[in-house]
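Asker: This is upload-v5.cif, which holds mmCIF, C-alpha atoms (C1' of nucleotides):
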```cif
data_work
#
loop_
_atom_site.group_PDB
_atom_site.id
_atom_site.type_symbol
_atom_site.label_atom_id
_atom_site.label_comp_id
_atom_site.auth_asym_id
_atom_site.auth_seq_id
_atom_site.Cartn_x
_atom_site.Cartn_y
_atom_site.Cartn_z
ATOM 1 C CA MET E 1 -19.394 -49.004 -68.864
ATOM 2 C CA PRO E 2 -19.989 -52.494 -69.642
ATOM 3 C CA GLU E 3 -23.278 -54.243 -70.200
ATOM 4 C CA LEU E 4 -23.577 -57.513 -72.092
ATOM 5 C CA PRO E 5 -22.501 -56.199 -75.534
ATOM 6 C CA GLU E 6 -19.456 -54.409 -74.145
ATOM 7 C CA VAL E 7 -18.385 -57.452 -72.125
ATOM 8 C CA GLU E 8 -18.813 -59.625 -75.225
ATOM 9 C CA CYS E 9 -16.600 -57.224 -77.215
ATOM 10 C CA VAL E 10 -13.984 -57.348 -74.474
ATOM 11 C CA ARG E 11 -14.159 -61.154 -74.512
ATOM 12 C CA ARG E 12 -13.694 -61.304 -78.282
ATOM 13 C CA SER E 13 -10.808 -58.853 -78.236
ATOM 14 C CA LEU E 14 -9.155 -60.765 -75.403
ATOM 15 C CA GLU E 15 -9.542 -64.308 -76.689
ATOM 16 C CA PRO E 16 -6.670 -64.396 -79.212
ATOM 17 C CA HIS E 17 -4.335 -62.902 -76.629
ATOM 18 C CA LEU E 18 -5.183 -65.170 -73.716
ATOM 19 C CA VAL E 19 -6.170 -68.680 -74.745
ATOM 20 C CA GLY E 20 -3.290 -71.126 -74.356
ATOM 21 C CA ARG E 21 -1.196 -68.861 -72.165
ATOM 22 C CA THR E 22 -0.003 -69.851 -68.706
ATOM 23 C CA ILE E 23 -0.152 -67.380 -65.854
ATOM 24 C CA ALA E 24 3.043 -66.641 -64.002
ATOM 25 C CA ARG E 25 2.384 -63.898 -61.507
ATOM 26 C CA THR E 26 -0.506 -61.790 -60.206
ATOM 27 C CA ARG E 27 0.023 -58.450 -58.522
ATOM 28 C CA VAL E 28 -2.847 -56.982 -56.555
ATOM 29 C CA SER E 29 -2.585 -53.401 -55.325
ATOM 30 C CA LEU E 30 -6.233 -53.015 -54.275
ATOM 31 C CA PRO E 31 -7.108 -56.097 -52.193
ATOM 32 C CA LYS E 32 -10.902 -55.741 -52.263
ATOM 33 C CA LEU E 33 -10.968 -56.342 -56.024
ATOM 34 C CA ALA E 34 -9.535 -59.856 -55.584
ATOM 35 C CA ARG E 35 -11.911 -62.604 -54.412
ATOM 36 C CA PRO E 36 -12.159 -64.394 -52.155
ATOM 37 C CA HIS E 37 -8.917 -62.622 -51.212
ATOM 38 C CA PRO E 38 -5.677 -61.632 -52.965
ATOM 39 C CA LYS E 39 -3.703 -64.664 -51.818
ATOM 40 C CA ALA E 40 -6.302 -67.115 -53.133
ATOM 41 C CA LEU E 41 -6.370 -65.330 -56.486
ATOM 42 C CA ARG E 42 -2.579 -65.196 -56.750
ATOM 43 C CA GLN E 43 -2.057 -68.814 -55.788
ATOM 44 C CA GLY E 44 -4.992 -70.097 -57.818
ATOM 45 C CA LEU E 45 -3.949 -68.429 -61.044
ATOM 46 C CA ALA E 46 -0.245 -69.200 -60.756
ATOM 47 C CA GLY E 47 0.847 -71.940 -63.159
ATOM 48 C CA ARG E 48 -2.602 -72.459 -64.666
ATOM 49 C CA THR E 49 -3.303 -72.198 -68.386
ATOM 50 C CA ILE E 50 -6.284 -70.316 -69.849
ATOM 51 C CA THR E 51 -8.184 -72.808 -72.006
ATOM 52 C CA ASP E 52 -11.140 -70.732 -73.253
ATOM 53 C CA THR E 53 -13.036 -67.454 -72.891
ATOM 54 C CA GLN E 54 -16.730 -67.419 -72.053
ATOM 55 C CA ARG E 55 -19.337 -64.930 -70.875
ATOM 56 C CA HIS E 56 -22.531 -65.140 -68.837
ATOM 57 C CA GLY E 57 -24.443 -61.871 -68.759
ATOM 58 C CA LYS E 58 -21.889 -59.261 -67.780
ATOM 59 C CA LEU E 59 -19.524 -61.804 -66.227
ATOM 60 C CA LEU E 60 -16.376 -62.902 -68.059
ATOM 61 C CA ILE E 61 -15.465 -66.534 -67.380
ATOM 62 C CA LEU E 62 -12.020 -67.874 -68.201
ATOM 63 C CA PRO E 63 -11.796 -71.664 -67.767
ATOM 64 C CA LEU E 64 -8.367 -72.751 -66.582
ATOM 65 C CA SER E 65 -6.419 -75.985 -66.609
ATOM 66 C CA ASP E 66 -7.315 -78.497 -63.846
ATOM 67 C CA GLY E 67 -11.014 -77.586 -64.014
ATOM 68 C CA ALA E 68 -10.647 -74.208 -62.297
ATOM 69 C CA PHE E 69 -12.214 -70.912 -63.352
ATOM 70 C CA TRP E 70 -11.150 -67.297 -63.345
ATOM 71 C CA THR E 71 -14.043 -64.820 -63.422
ATOM 72 C CA ILE E 72 -13.913 -61.105 -64.058
ATOM 73 C CA HIS E 73 -16.689 -58.576 -63.517
ATOM 74 C CA LEU E 74 -16.018 -55.097 -64.869
ATOM 75 C CA GLY E 75 -18.566 -53.377 -62.635
ATOM 76 C CA MET E 76 -19.271 -49.915 -63.923
ATOM 77 C CA THR E 77 -15.835 -48.715 -64.953
ATOM 78 C CA GLY E 78 -13.700 -51.841 -65.241
ATOM 79 C CA GLN E 79 -11.291 -52.126 -68.137
ATOM 80 C CA LEU E 80 -8.955 -54.907 -69.264
ATOM 81 C CA ILE E 81 -5.854 -53.864 -71.141
ATOM 82 C CA CYS E 82 -3.531 -56.292 -72.881
ATOM 83 C CA ALA E 83 -0.197 -54.581 -73.419
ATOM 84 C CA PRO E 84 3.531 -55.262 -73.215
ATOM 85 C CA ARG E 85 4.077 -52.484 -70.730
ATOM 86 C CA ARG E 86 2.100 -50.821 -67.992
ATOM 87 C CA PRO E 87 -0.088 -48.124 -69.599
ATOM 88 C CA GLN E 88 0.292 -44.521 -68.483
ATOM 89 C CA ALA E 89 -2.981 -44.584 -66.607
ATOM 90 C CA LYS E 90 -4.277 -44.235 -63.103
ATOM 91 C CA HIS E 91 -6.386 -46.854 -61.332
ATOM 92 C CA ILE E 92 -4.608 -49.991 -62.508
ATOM 93 C CA HIS E 93 -5.250 -52.329 -59.565
ATOM 94 C CA ILE E 94 -4.286 -55.825 -60.747
ATOM 95 C CA THR E 95 -1.543 -56.964 -63.129
ATOM 96 C CA ILE E 96 -1.236 -60.484 -64.555
ATOM 97 C CA SER E 97 1.999 -61.621 -66.155
ATOM 98 C CA PHE E 98 2.530 -64.806 -68.122
ATOM 99 C CA GLN E 99 5.184 -67.482 -68.319
ATOM 100 C CA ASP E 100 5.895 -66.599 -71.970
ATOM 101 C CA HIS E 101 6.946 -63.065 -70.895
ATOM 102 C CA GLY E 102 4.501 -61.723 -73.507
ATOM 103 C CA PRO E 103 1.968 -58.890 -73.094
ATOM 104 C CA ARG E 104 0.505 -58.546 -69.622
ATOM 105 C CA LEU E 105 -3.104 -58.144 -68.653
ATOM 106 C CA TYR E 106 -3.923 -55.002 -66.692
ATOM 107 C CA PHE E 107 -7.162 -54.554 -64.754
ATOM 108 C CA ARG E 108 -8.097 -50.921 -64.414
ATOM 109 C CA ASP E 109 -11.162 -49.798 -62.470
ATOM 110 C CA LEU E 110 -11.810 -46.203 -61.544
ATOM 111 C CA ARG E 111 -14.874 -46.724 -59.391
ATOM 112 C CA GLN E 112 -13.701 -50.017 -57.932
ATOM 113 C CA PHE E 113 -17.006 -51.847 -58.401
ATOM 114 C CA GLY E 114 -15.489 -54.692 -60.422
ATOM 115 C CA PHE E 115 -13.688 -57.820 -59.204
ATOM 116 C CA MET E 116 -11.587 -60.809 -60.194
ATOM 117 C CA ALA E 117 -12.341 -64.154 -58.583
ATOM 118 C CA PHE E 118 -10.642 -67.532 -58.539
ATOM 119 C CA CYS E 119 -12.875 -70.595 -58.369
ATOM 120 C CA PRO E 120 -11.133 -73.940 -57.866
ATOM 121 C CA ASP E 121 -13.945 -75.914 -59.516
ATOM 122 C CA ARG E 122 -17.300 -75.666 -61.271
ATOM 123 C CA HIS E 123 -19.252 -75.940 -58.060
ATOM 124 C CA SER E 124 -17.578 -72.910 -56.528
ATOM 125 C CA LEU E 125 -18.187 -71.026 -59.788
ATOM 126 C CA GLN E 126 -21.887 -71.775 -59.626
ATOM 127 C CA THR E 127 -22.340 -71.074 -55.945
ATOM 128 C CA GLY E 128 -20.045 -68.039 -56.090
ATOM 129 C CA PRO E 129 -19.890 -65.556 -58.971
ATOM 130 C CA LEU E 130 -22.708 -67.191 -60.954
ATOM 131 C CA ALA E 131 -25.099 -67.651 -58.040
ATOM 132 C CA SER E 132 -26.896 -64.362 -58.491
ATOM 133 C CA PHE E 133 -27.451 -64.572 -62.240
ATOM 134 C CA GLY E 134 -30.442 -65.827 -64.202
ATOM 135 C CA PRO E 135 -30.148 -67.080 -67.789
ATOM 136 C CA ASP E 136 -27.997 -65.099 -70.214
ATOM 137 C CA ALA E 137 -30.045 -62.466 -72.054
ATOM 138 C CA LEU E 138 -28.928 -63.804 -75.451
ATOM 139 C CA LYS E 139 -29.773 -67.410 -74.625
ATOM 140 C CA ILE E 140 -33.087 -67.139 -72.796
ATOM 141 C CA SER E 141 -36.138 -68.341 -74.740
ATOM 142 C CA PRO E 142 -39.270 -66.182 -75.084
ATOM 143 C CA GLN E 143 -41.173 -68.708 -72.982
ATOM 144 C CA GLU E 144 -38.667 -68.655 -70.181
ATOM 145 C CA LEU E 145 -38.515 -64.858 -70.158
ATOM 146 C CA ALA E 146 -42.301 -64.689 -69.946
ATOM 147 C CA GLN E 147 -42.284 -67.258 -67.164
ATOM 148 C CA ARG E 148 -39.668 -65.444 -65.123
ATOM 149 C CA LEU E 149 -41.505 -62.118 -65.440
ATOM 150 C CA ALA E 150 -44.991 -63.571 -64.985
ATOM 151 C CA HIS E 151 -45.922 -62.890 -61.372
ATOM 152 C CA ARG E 152 -43.589 -59.975 -60.731
ATOM 153 C CA ARG E 153 -45.205 -56.686 -59.905
ATOM 154 C CA ALA E 154 -42.401 -54.187 -60.412
ATOM 155 C CA PRO E 155 -42.251 -51.963 -63.511
ATOM 156 C CA ILE E 156 -40.835 -53.870 -66.478
ATOM 157 C CA LYS E 157 -37.750 -51.639 -66.688
ATOM 158 C CA THR E 158 -36.812 -52.456 -63.097
ATOM 159 C CA LEU E 159 -37.240 -56.167 -63.817
ATOM 160 C CA LEU E 160 -35.047 -56.029 -66.913
ATOM 161 C CA LEU E 161 -32.238 -54.632 -64.768
ATOM 162 C CA ASP E 162 -32.606 -57.441 -62.219
ATOM 163 C CA GLN E 163 -29.778 -59.856 -63.036
ATOM 164 C CA HIS E 164 -31.549 -62.695 -61.175
ATOM 165 C CA ILE E 165 -34.287 -62.644 -63.824
ATOM 166 C CA LEU E 166 -32.021 -62.423 -66.845
ATOM 167 C CA ALA E 167 -28.335 -61.593 -66.985
ATOM 168 C CA GLY E 168 -26.732 -58.954 -69.154
ATOM 169 C CA VAL E 169 -29.194 -56.103 -69.651
ATOM 170 C CA GLY E 170 -28.166 -52.826 -68.004
ATOM 171 C CA ASN E 171 -29.541 -49.313 -68.062
ATOM 172 C CA ILE E 172 -28.720 -48.441 -71.674
ATOM 173 C CA TYR E 173 -30.063 -51.603 -73.265
ATOM 174 C CA ALA E 174 -33.142 -51.786 -71.038
ATOM 175 C CA ASP E 175 -34.218 -48.347 -72.270
ATOM 176 C CA GLU E 176 -33.322 -49.099 -75.883
ATOM 177 C CA ALA E 177 -35.038 -52.507 -75.951
ATOM 178 C CA LEU E 178 -38.235 -51.109 -74.428
ATOM 179 C CA PHE E 179 -38.275 -48.378 -77.065
ATOM 180 C CA ARG E 180 -37.926 -50.941 -79.849
ATOM 181 C CA ALA E 181 -40.697 -53.033 -78.361
ATOM 182 C CA ARG E 182 -42.849 -49.880 -77.890
ATOM 183 C CA ILE E 183 -43.445 -50.761 -74.261
ATOM 184 C CA SER E 184 -43.605 -48.222 -71.441
ATOM 185 C CA PRO E 185 -40.862 -48.684 -68.842
ATOM 186 C CA LEU E 186 -43.627 -48.269 -66.254
ATOM 187 C CA ALA E 187 -45.743 -51.147 -67.574
ATOM 188 C CA ARG E 188 -46.090 -54.172 -65.291
ATOM 189 C CA PRO E 189 -45.851 -57.653 -66.737
ATOM 190 C CA ILE E 190 -49.519 -58.254 -65.932
ATOM 191 C CA ASP E 191 -50.434 -55.289 -68.161
ATOM 192 C CA LEU E 192 -48.707 -56.795 -71.196
ATOM 193 C CA HIS E 193 -50.238 -59.071 -73.800
ATOM 194 C CA PRO E 194 -48.299 -62.276 -74.513
ATOM 195 C CA GLN E 195 -47.624 -60.786 -77.939
ATOM 196 C CA GLN E 196 -45.902 -57.789 -76.325
ATOM 197 C CA LEU E 197 -43.676 -60.036 -74.246
ATOM 198 C CA LEU E 198 -42.645 -61.749 -77.477
ATOM 199 C CA GLN E 199 -41.863 -58.353 -78.975
ATOM 200 C CA LEU E 200 -39.828 -57.467 -75.910
ATOM 201 C CA HIS E 201 -37.822 -60.677 -76.145
ATOM 202 C CA HIS E 202 -37.169 -59.990 -79.819
ATOM 203 C CA ALA E 203 -36.215 -56.360 -79.118
ATOM 204 C CA ILE E 204 -33.714 -57.400 -76.443
ATOM 205 C CA GLN E 205 -32.037 -59.894 -78.771
ATOM 206 C CA GLN E 206 -31.947 -57.446 -81.678
ATOM 207 C CA THR E 207 -30.607 -54.567 -79.623
ATOM 208 C CA LEU E 208 -27.877 -56.633 -77.981
ATOM 209 C CA HIS E 209 -26.794 -58.290 -81.236
ATOM 210 C CA GLU E 210 -26.646 -55.002 -83.082
ATOM 211 C CA ALA E 211 -24.665 -53.389 -80.272
ATOM 212 C CA ILE E 212 -22.146 -56.246 -80.367
ATOM 213 C CA THR E 213 -21.811 -55.838 -84.133
ATOM 214 C CA ARG E 214 -20.974 -52.173 -83.616
ATOM 215 C CA GLY E 215 -18.429 -52.809 -80.901
ATOM 216 C CA GLY E 216 -20.655 -51.777 -77.993
ATOM 217 C CA SER E 217 -21.649 -48.324 -76.733
ATOM 218 C CA SER E 218 -18.896 -45.909 -75.754
ATOM 219 C CA VAL E 219 -21.030 -43.473 -73.809
ATOM 220 C CA ARG E 220 -18.242 -42.238 -71.670
ATOM 221 C CA ASN E 221 -15.032 -43.962 -72.589
ATOM 222 C CA PHE E 222 -15.599 -47.678 -73.025
ATOM 223 C CA VAL E 223 -12.865 -49.408 -75.011
ATOM 224 C CA ASP E 224 -12.140 -53.100 -75.566
ATOM 225 C CA ALA E 225 -8.927 -54.849 -74.574
ATOM 226 C CA ARG E 226 -7.192 -53.450 -77.644
ATOM 227 C CA GLY E 227 -8.306 -49.910 -76.902
ATOM 228 C CA ARG E 228 -10.985 -49.697 -79.588
ATOM 229 C CA ALA E 229 -14.138 -47.699 -78.863
ATOM 230 C CA GLY E 230 -17.622 -48.852 -79.898
ATOM 231 C CA THR E 231 -20.054 -46.898 -82.056
ATOM 232 C CA PHE E 232 -23.469 -48.106 -80.920
ATOM 233 C CA GLN E 233 -24.009 -44.894 -78.951
ATOM 234 C CA HIS E 234 -24.776 -43.256 -82.302
ATOM 235 C CA GLN E 235 -27.699 -45.678 -82.740
ATOM 236 C CA HIS E 236 -29.326 -44.899 -79.389
ATOM 237 C CA ASN E 237 -32.953 -43.892 -79.829
ATOM 238 C CA VAL E 238 -33.757 -42.760 -76.289
ATOM 239 C CA TYR E 239 -30.847 -43.277 -73.916
ATOM 240 C CA ARG E 240 -29.516 -39.897 -72.784
ATOM 241 C CA ARG E 241 -31.604 -38.147 -75.420
ATOM 242 C CA THR E 242 -33.917 -36.298 -73.007
ATOM 243 C CA GLY E 243 -35.839 -33.528 -74.791
ATOM 244 C CA GLN E 244 -34.666 -34.545 -78.238
ATOM 245 C CA PRO E 245 -37.249 -35.707 -80.781
ATOM 246 C CA CYS E 246 -38.264 -39.368 -80.860
ATOM 247 C CA PRO E 247 -36.830 -40.852 -84.079
ATOM 248 C CA ARG E 248 -40.223 -42.398 -84.801
ATOM 249 C CA CYS E 249 -42.782 -39.678 -83.963
ATOM 250 C CA HIS E 250 -40.723 -36.588 -83.000
ATOM 251 C CA THR E 251 -42.272 -36.293 -79.523
ATOM 252 C CA PRO E 252 -39.581 -35.092 -77.086
ATOM 253 C CA ILE E 253 -37.984 -37.957 -75.150
ATOM 254 C CA SER E 254 -38.877 -38.031 -71.431
ATOM 255 C CA ARG E 255 -36.605 -38.835 -68.533
ATOM 256 C CA ILE E 256 -37.855 -40.264 -65.228
ATOM 257 C CA THR E 257 -36.251 -42.136 -62.341
ATOM 258 C CA LEU E 258 -37.157 -45.794 -61.867
ATOM 259 C CA GLY E 259 -35.573 -47.984 -59.251
ATOM 260 C CA GLY E 260 -33.044 -45.222 -58.706
ATOM 261 C CA ARG E 261 -31.916 -45.298 -62.322
ATOM 262 C CA SER E 262 -32.475 -42.678 -64.996
ATOM 263 C CA THR E 263 -34.976 -43.945 -67.521
ATOM 264 C CA HIS E 264 -35.524 -42.554 -71.013
ATOM 265 C CA PHE E 265 -38.532 -43.196 -73.216
ATOM 266 C CA CYS E 266 -40.916 -41.725 -75.777
ATOM 267 C CA PRO E 267 -44.132 -40.784 -73.958
ATOM 268 C CA HIS E 268 -46.084 -41.217 -77.206
ATOM 269 C CA CYS E 269 -44.703 -44.432 -78.754
ATOM 270 C CA GLN E 270 -44.316 -46.015 -75.320
ATOM 271 C CA ALA E 271 -47.477 -44.651 -73.724
ATOM 272 C CA ALA E 272 -48.512 -46.640 -70.666
ATOM 273 C CA ASP E 273 -52.054 -47.318 -71.888
ATOM 274 C CA ARG E 274 -50.667 -48.715 -75.109
ATOM 275 C CA GLY E 275 -48.475 -51.075 -73.102
ATOM 276 C "C1'" DG V 1 -39.974 -51.368 -53.491
ATOM 277 C "C1'" DA V 2 -36.984 -47.525 -52.129
ATOM 278 C "C1'" DA V 3 -32.933 -45.823 -50.095
ATOM 279 C "C1'" DT V 4 -28.281 -46.321 -49.259
ATOM 280 C "C1'" DA V 5 -23.587 -47.801 -49.746
ATOM 281 C "C1'" DC V 6 -19.477 -48.849 -52.197
ATOM 282 C "C1'" DC V 7 -15.818 -45.221 -55.253
ATOM 283 C "C1'" DT V 8 -13.785 -41.440 -58.433
ATOM 284 C "C1'" DG V 9 -14.411 -38.175 -61.879
ATOM 285 C "C1'" DA V 10 -16.863 -35.204 -65.408
ATOM 286 C "C1'" DG V 11 -19.590 -31.498 -66.204
ATOM 287 C "C1'" DC V 12 -22.295 -27.684 -64.865
ATOM 288 C "C1'" DG I 1 -20.261 -26.458 -54.853
ATOM 289 C "C1'" DC I 2 -23.668 -29.704 -56.751
ATOM 290 C "C1'" DT I 3 -25.595 -33.663 -59.684
ATOM 291 C "C1'" DC I 4 -24.846 -37.411 -62.368
ATOM 292 C "C1'" DA I 5 -22.624 -41.822 -64.041
ATOM 293 C "C1'" DG I 6 -23.283 -47.851 -67.860
ATOM 294 C "C1'" DG I 7 -23.369 -52.264 -61.425
ATOM 295 C "C1'" DT I 8 -24.718 -54.787 -57.447
ATOM 296 C "C1'" DA I 9 -25.581 -55.950 -52.444
ATOM 297 C "C1'" DT I 10 -27.723 -54.737 -48.346
ATOM 298 C "C1'" DT I 11 -30.879 -52.329 -45.440
ATOM 299 C "C1'" DC I 12 -35.249 -50.709 -43.925
#
```
Let's see the structure in the file written out as C-alpha cells.
Answerer:
Amino acid sequence: MPELPEVECVRRSLEPHLVGRTIARTRVSLPKLARPHPKALRQGLAGRTITDTQRHGKLLILPLSDGAFWTIHLGMTGQLICAPRRPQAKHIHITISFQDHGPRLYFRDLRQFGFMAFCPDRHSLQTGPLASFGPDALKISPQELAQRLAHRRAPIKTLLLDQHILAGVGNIYADEALFRARISPLARPIDLHPQQLLQLHHAIQQTLHEAITRGGSSVRNFVDARGRAGTFQHQHNVYRRTGQPCPRCHTPISRITLGGRSTHFCPHCQAADRG
DNA sequence: GAATACCTGAGC
DNA sequence: GCTCAGGTATTC
C-alpha cells in the first residue's frame, strides 16, 4: 500500500517503539525477503542498537550502532507490526525480537514484494538499497525537479513514478498531484511551461504533506505499525474515481493505462492542450 | 517505451 | 473463471 506518506506514517508510529532498543534475534521464514541473504541479516542485526529512524522515498532506513544500517522496503503490501505477541495473521515472514524482551517487530507481506536489508556501512547503503533512488520527493527543489525531467520524453505521469528521477511518488499520489497541478498525465515535459513545472512541484509537496497529516491513504487496508488506518483516501479527487464527477468541473473522471498502470484524470481540467 | 515477472487475494 | 491491485527489476 505504501507510498511516501504511508511509509512516513509507519516511520513515525515506529520511532518511539524502536529507537534505543537492541536487537536480539531475527527469524526469517521466507528467505527471499532478507537481503543479501537471511544469515547476513540475522548476524548483522544481532546485538546492534537502533539509533534513529529515517526515510528516503518509500525506503525506511534504521541507522544502527557501529555505523551500520537496516533498511526496509514495504513493496506493495508490506506491513510492520509492533506487538508483544505474534498477531493472528497470515503472511508474517520475519520476526525481530529484542534484548529487553519487549514488543517484537513483525514483518508481514502478502505479495512478497518487500524486503529487509542489512548494510554494514554507509557505502553499502548507498550502493545497495539507495542506489536506484533519486532525491526524496519532499526534499527536491523545484529547480532540481525541472532539471531531472528536462530532456525526458515519456509522459509526465510515467516519469513521476520513476524512482530514479524522484523517490516516493507512487500511483495514487502521481494522479492526485497532476490533478492539483491541472496537468494532463499524458503531457511531456517539453510541452510544459516552466510555470507549470513549478505548479507540479508545489502540488506534489502539498499532496504528500496533506496525506501525511491524515495518516496516509488506506485504499485497501493500509495501517501503520500501531494498526491505525489513514483517512486521505476520502480526499482523493481522481484516484479510483472513474466515471464520478470531477470535484472542480463535474466532468466524469477518465481512466487510461500509462506505463502499465491505471491512470485517473479529469479530461477537462487536465486537458492535454492546456498542459 | 512496453511487456513481463515476481506473489496472493479481493471482487466481479 | 477473469481482472485488478498502492512496487520494482529485467527483458525485448
Asker: Please identify all polymer residues within 12 Å of DT10 of chain I, counting all atoms listed in the file, omitting same-chain residues fewer than 3 positions from it, and present them as JSON, numbers by chain.
Answerer: {"V": [3, 4, 5, 6]}
Asker: Could you expand the PyMOL selection byres ((chain E) within 12 of (chain I)) into the explicit residues it covers here, written as an MDAnalysis selection string?
Answerer: chainID E and resid 1:7 58:59 73:78 110:115 129 132:133 161:164 167:175 216:222 233 239:240 260:262
Asker: Determine the nearest neighbour of chain V from the options E:Ser97, E:Thr257, E:Gln54, E:Gln195, counting only C-alpha atoms (C1' of nucleotides).
Answerer: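 Among E:Ser97, E:Thr257, E:Gln54, E:Gln195, it is E:Thr257 that comes nearest to chain V.
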Asker: Tell me the residues of chain V close to chain E, meaning within 9 Å using all atoms listed in the file, as a CSV table (one decimal) with C-alpha atoms (C1' of nucleotides), in the frame of the given file.
Answerer:
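The resulting selection_24.csv:
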```csv
chain,number,residue,atom,x,y,z
V,1,DG,C1',-40.0,-51.4,-53.5
V,2,DA,C1',-37.0,-47.5,-52.1
V,3,DA,C1',-32.9,-45.8,-50.1
V,6,DC,C1',-19.5,-48.8,-52.2
V,7,DC,C1',-15.8,-45.2,-55.3
V,8,DT,C1',-13.8,-41.4,-58.4
V,9,DG,C1',-14.4,-38.2,-61.9
```
Asker: Counting only C-alpha atoms (C1' of nucleotides), what is within 7 Å of Thr53 of chain E, bar same-chain residues fewer than 4 positions away, as a ChimeraX atom specification?
Answerer: /E:11,15,61-63
Asker: How far is it from atom CA of Ile204 of chain E to atom CA of Ala137 of chain E, in Å with one decimal?
Answerer: 7.6 Å
Asker: In Å, rounded to a single decimal, give me how far atom CA of His201 of chain E is from atom CA of Ala131 of chain E.
Answerer: 23.2 Å
Asker: Carefully work through the PyMOL selection byres ((chain E and resi 82) around 7) for this structure and note down the residues it includes, as an NGL selection string.
Answerer: :E and (80-81 or 83 or 103-106 or 225-226)
Asker: Listed atoms of chain V, axis-aligned box, 4 Å per side: centre and edge lengths to one decimal in Å, as lines of an AutoDock Vina configuration file?
Answerer:
```
center_x = -26.9
center_y = -39.5
center_z = -57.7
size_x = 34.2
size_y = 31.7
size_z = 24.9
```
Asker: Return the single residue from E:Asp52, E:Leu149, E:Gln99, E:Pro120 that is closest to Pro16 of chain E, with distances computed using only C-alpha atoms.
Answerer: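 Of the candidates, the smallest distance to Pro16 of chain E is held by E:Asp52.
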Asker: How many Å lie between atom CA of Arg85 of chain E and atom CA of Leu14 of chain E, rounded to one decimal?
Answerer: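 Atom CA of Leu14 of chain E lies at a distance of 16.3 Å from atom CA of Arg85 of chain E.
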Asker: Counting all atoms listed in the file, which residue out of E:Gly67, E:Gly134, E:Pro87, E:Pro38 sits closest to Gly227 of chain E?
Answerer: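 Checking each of E:Gly67, E:Gly134, E:Pro87, E:Pro38 against Gly227 of chain E, counting all atoms listed in the file, the winner is E:Pro87.
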Asker: Please check which residues have atoms at most 8 Å from (-29.5, -66.9, -71.8) in the file's coordinates, counting all atoms listed in the file, and write them as a PyMOL selection string.
Answerer: chain E and resi 56-57+134-141+166-167
Asker: Keeping C-alpha atoms, export the residues of the selection given above as a PDB file, in the coordinates of the input.
Answerer:
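Result file is again_34.pdb:
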```pdb
ATOM      1  CA  HIS E  56     -22.531 -65.140 -68.837  1.00  0.00           C
ATOM      2  CA  GLY E  57     -24.443 -61.871 -68.759  1.00  0.00           C
ATOM      3  CA  GLY E 134     -30.442 -65.827 -64.202  1.00  0.00           C
ATOM      4  CA  PRO E 135     -30.148 -67.080 -67.789  1.00  0.00           C
ATOM      5  CA  ASP E 136     -27.997 -65.099 -70.214  1.00  0.00           C
ATOM      6  CA  ALA E 137     -30.045 -62.466 -72.054  1.00  0.00           C
ATOM      7  CA  LEU E 138     -28.928 -63.804 -75.451  1.00  0.00           C
ATOM      8  CA  LYS E 139     -29.773 -67.410 -74.625  1.00  0.00           C
ATOM      9  CA  ILE E 140     -33.087 -67.139 -72.796  1.00  0.00           C
ATOM     10  CA  SER E 141     -36.138 -68.341 -74.740  1.00  0.00           C
ATOM     11  CA  LEU E 166     -32.021 -62.423 -66.845  1.00  0.00           C
ATOM     12  CA  ALA E 167     -28.335 -61.593 -66.985  1.00  0.00           C
TER      13      ALA E 167
END
```
Asker: For this file, the PyMOL selection byres ((chain E and resi 199) around 10) selects which residues, as JSON, numbers by chain?
Answerer: {"E": [142, 177, 178, 180, 181, 182, 183, 193, 194, 195, 196, 197, 198, 200, 201, 202, 203, 204, 205]}
Asker: List every protein, DNA or RNA residue that has an atom no more than 10 Å from (-9.1, -76.4, -68.1) in the file's coordinate frame, counting all atoms listed in the file, and report them as a list in words.
Answerer: Arg48, Thr49, Ile50, Thr51, Asp52, Leu62, Pro63, Leu64, Ser65, Asp66, Gly67, Ala68, Phe69 and Asp121 of chain E
Asker: Next, the residues of the selection above should be written as a PDB file, keeping the file's coordinate frame with C-alpha atoms.
Answerer:
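Heads up, here's the output in selection_3.pdb:
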```pdb
ATOM      1  CA  ARG E  48      -2.602 -72.459 -64.666  1.00  0.00           C
ATOM      2  CA  THR E  49      -3.303 -72.198 -68.386  1.00  0.00           C
ATOM      3  CA  ILE E  50      -6.284 -70.316 -69.849  1.00  0.00           C
ATOM      4  CA  THR E  51      -8.184 -72.808 -72.006  1.00  0.00           C
ATOM      5  CA  ASP E  52     -11.140 -70.732 -73.253  1.00  0.00           C
ATOM      6  CA  LEU E  62     -12.020 -67.874 -68.201  1.00  0.00           C
ATOM      7  CA  PRO E  63     -11.796 -71.664 -67.767  1.00  0.00           C
ATOM      8  CA  LEU E  64      -8.367 -72.751 -66.582  1.00  0.00           C
ATOM      9  CA  SER E  65      -6.419 -75.985 -66.609  1.00  0.00           C
ATOM     10  CA  ASP E  66      -7.315 -78.497 -63.846  1.00  0.00           C
ATOM     11  CA  GLY E  67     -11.014 -77.586 -64.014  1.00  0.00           C
ATOM     12  CA  ALA E  68     -10.647 -74.208 -62.297  1.00  0.00           C
ATOM     13  CA  PHE E  69     -12.214 -70.912 -63.352  1.00  0.00           C
ATOM     14  CA  ASP E 121     -13.945 -75.914 -59.516  1.00  0.00           C
TER      15      ASP E 121
END
```
